[in-house]
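Student: Handing you this structure, nothing more for now.
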Amino acid sequence: MLEAADPQEQAQGFHVHLEDADIAALMQVLLTSDGRIQQLNLSVGSVWIKRQGTEQAPWWIKLQALAAAALPYKFLKPSPILKPVDMMEREKRRMIEFGEKGFPVPDIIYSSQTAIVISDVGPTVQRILKMKSRAGESDHDTLLIDCAAAIGDLHAAGLCHGRPHVRDFFLRDGRIGFMDFEEEPQAVMPLETAQARDIWLLFLPMTTLAKNGRETLDAAYKAWATRAPEAAIVELRRLVRVLGRFLPLARLIGRVQMGSDLQRFIEATDYLKNAVETEAAG
């Protein structure tokens, strides 16, 4: 039986024992295919292969960079776009960092300069929420609140996700786990700003996913705020105050054409703006 991880990964617990046939199958796929994301079934279970450098940076990242350069708001800055080898190293490093601090992450099975192989973590929280919604299960919104609490725990540990969304979360032993660590906003902005940006990004989908509306949003915000550092809460007040200036324009545009992204921006920003103002006044 062989081990696919290097000694550093073994020492940190990020390794999986593979049979010779598994390694042969894995190497064949790595050498003969170049897909961005691929799934492969091995004797240890399903694994995922993720590559960097197979696609260009999205146009909206470049647009965001231009907007950030023109406006004096650090939270608008996108994470640095790196070479594929550096992007892969960043994701691997952040995954190890999260795991070292006790947060559930996928196991790293194998990594090279441009590819990483990780264990399958089961259905994402997004998929679980869809199943709960279809089944009419009463704990649908409880899971949303748990996501906000997990982000609060993350921030309390001195971390930020960078792109928090229910599609990037999973469940392990009843705990929220994290994956997809491609972004590192704290590289271009203070950590507390990146953490405030985290919770705002999480609330974008949450405002439309919550079945119980304001009741769930209030509980989710409280779950985050009671765990998050005070500096992140202060930065969130500043962030939504700035974004709140764009709400009248957003609503005006929405009267002509209200897309889903615009609706989420309006609802999440408006909710958080009111939440932090109420909290400050109290």
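Here, A, B, ... name the chains of the structure tokens in the order displayed, residue numbers run from 1 inside each chain, and ligands are numbered from 1 in the same displayed order.
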Please provide the set of residues having any atom within 7 Å of range 205-215 of chain A, restricted to only C-alpha atoms, with same-chain residues fewer than 6 positions apart removed, written as an mmCIF file with N, CA and C atoms, in the first residue's frame.
Tutor:
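New file result-v5.cif:
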```cif
data_model
loop_
_atom_site.group_PDB
_atom_site.id
_atom_site.type_symbol
_atom_site.label_atom_id
_atom_site.label_comp_id
_atom_site.auth_asym_id
_atom_site.auth_seq_id
_atom_site.Cartn_x
_atom_site.Cartn_y
_atom_site.Cartn_z
ATOM 1 N N ASP A 141 -34.083 26.307 7.684
ATOM 2 C CA ASP A 141 -33.475 27.591 8.043
ATOM 3 C C ASP A 141 -32.460 27.454 9.172
ATOM 4 N N ARG A 264 -30.754 40.275 -4.831
ATOM 5 C CA ARG A 264 -29.975 39.829 -3.671
ATOM 6 C C ARG A 264 -29.139 40.969 -3.095
ATOM 7 N N GLU A 267 -31.594 43.301 -1.151
ATOM 8 C CA GLU A 267 -32.146 42.719 0.073
ATOM 9 C C GLU A 267 -31.068 42.496 1.134
ATOM 10 N N ALA A 268 -29.914 41.985 0.731
ATOM 11 C CA ALA A 268 -28.856 41.715 1.706
ATOM 12 C C ALA A 268 -28.278 43.006 2.266
#
```
Student: Could I get the residues of range 98-122 of chain A with an atom no further than 8 Å from an atom of range 37-54 of chain A, each paired with its nearest atom pair and that distance in Å to one decimal, using only C-alpha atoms, sorted by chain and residue number, as a Markdown table?
Tutor:
```
| residue | atom | partner | partner_atom | distance |
| --- | --- | --- | --- | --- |
| A:Thr114 | CA | A:Gln52 | CA | 5.4 |
| A:Ala115 | CA | A:Arg51 | CA | 4.3 |
| A:Ile116 | CA | A:Lys50 | CA | 5.4 |
| A:Val117 | CA | A:Ile49 | CA | 4.5 |
| A:Ile118 | CA | A:Trp48 | CA | 5.3 |
| A:Ser119 | CA | A:Val47 | CA | 4.6 |
| A:Asp120 | CA | A:Val47 | CA | 5.0 |
```
Student: Check range 59-170 of chain A with DSSP on the backbone and list each residue it calls helix (DSSP H, G or I), as an NGL selection string.
Tutor: :A and (59-70 or 74-76 or 84-100 or 125-135 or 140-156 or 166-168)
Student: Which residues, written as a PDB file with C-alpha atoms, in the first residue's frame, have at least one atom at most 6 Å from range 85-90 of chain A, with only C-alpha atoms counted and residues fewer than 2 positions away on the same chain left out?
Tutor:
```pdb
ATOM      1  CA  LEU A  82      -1.641  34.574  -9.622  1.00  0.00           C
ATOM      2  CA  LYS A  83       0.143  32.165 -11.916  1.00  0.00           C
ATOM      3  CA  LYS A  92      -3.474  24.085  -0.717  1.00  0.00           C
ATOM      4  CA  ARG A  93      -1.933  26.360   1.931  1.00  0.00           C
ATOM      5  CA  GLN A 113       2.154  22.297  -9.183  1.00  0.00           C
ATOM      6  CA  THR A 114      -1.081  22.694 -11.155  1.00  0.00           C
TER       7      THR A 114
END
```
Student: For the atom pair CA of Ile96 in chain A and CA of Leu201 in chain A, what is the interatomic distance in Å to one decimal place?
Tutor: 23.1 Å
Student: Could you give me, as a PyMOL selection string, each residue of range 62-139 of chain A that DSSP assigns to strand (DSSP E) when run on this structure's backbone?
Tutor: chain A and resi 108-111+115-119
Student: Since we have the selection now, will you write its residues out, keeping N, CA and C atoms, as a PDB file, in the first residue's frame?
Tutor:
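Output file selection_0.pdb is given in full below:
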```pdb
ATOM      1  N   ILE A 108      -6.533  16.248   1.520  1.00  0.00           N
ATOM      2  CA  ILE A 108      -5.673  16.350   0.343  1.00  0.00           C
ATOM      3  C   ILE A 108      -5.057  14.977   0.099  1.00  0.00           C
ATOM      4  N   ILE A 109      -5.351  14.396  -1.046  1.00  0.00           N
ATOM      5  CA  ILE A 109      -4.860  13.067  -1.377  1.00  0.00           C
ATOM      6  C   ILE A 109      -3.552  13.150  -2.161  1.00  0.00           C
ATOM      7  N   TYR A 110      -3.499  14.115  -3.071  1.00  0.00           N
ATOM      8  CA  TYR A 110      -2.313  14.286  -3.913  1.00  0.00           C
ATOM      9  C   TYR A 110      -2.300  15.714  -4.406  1.00  0.00           C
ATOM     10  N   SER A 111      -1.105  16.258  -4.604  1.00  0.00           N
ATOM     11  CA  SER A 111      -1.021  17.600  -5.188  1.00  0.00           C
ATOM     12  C   SER A 111       0.232  17.722  -6.026  1.00  0.00           C
ATOM     13  N   ALA A 115      -2.280  20.875 -10.038  1.00  0.00           N
ATOM     14  CA  ALA A 115      -3.478  20.076  -9.758  1.00  0.00           C
ATOM     15  C   ALA A 115      -3.481  19.640  -8.303  1.00  0.00           C
ATOM     16  N   ILE A 116      -4.671  19.450  -7.793  1.00  0.00           N
ATOM     17  CA  ILE A 116      -4.839  18.947  -6.435  1.00  0.00           C
ATOM     18  C   ILE A 116      -5.959  17.913  -6.455  1.00  0.00           C
ATOM     19  N   VAL A 117      -5.776  16.847  -5.716  1.00  0.00           N
ATOM     20  CA  VAL A 117      -6.777  15.790  -5.623  1.00  0.00           C
ATOM     21  C   VAL A 117      -7.272  15.765  -4.184  1.00  0.00           C
ATOM     22  N   ILE A 118      -8.572  15.909  -4.000  1.00  0.00           N
ATOM     23  CA  ILE A 118      -9.147  15.965  -2.662  1.00  0.00           C
ATOM     24  C   ILE A 118     -10.259  14.926  -2.516  1.00  0.00           C
ATOM     25  N   SER A 119     -10.525  14.569  -1.285  1.00  0.00           N
ATOM     26  CA  SER A 119     -11.572  13.592  -1.002  1.00  0.00           C
ATOM     27  C   SER A 119     -12.949  14.176  -1.262  1.00  0.00           C
TER      28      SER A 119
END
```
Student: Give me the residues within 6 Å of range 124-131 of chain A as a PyMOL selection string, counting only C-alpha atoms and dropping any in the same chain fewer than 6 places off.
Tutor: chain A and resi 166-167+169-170
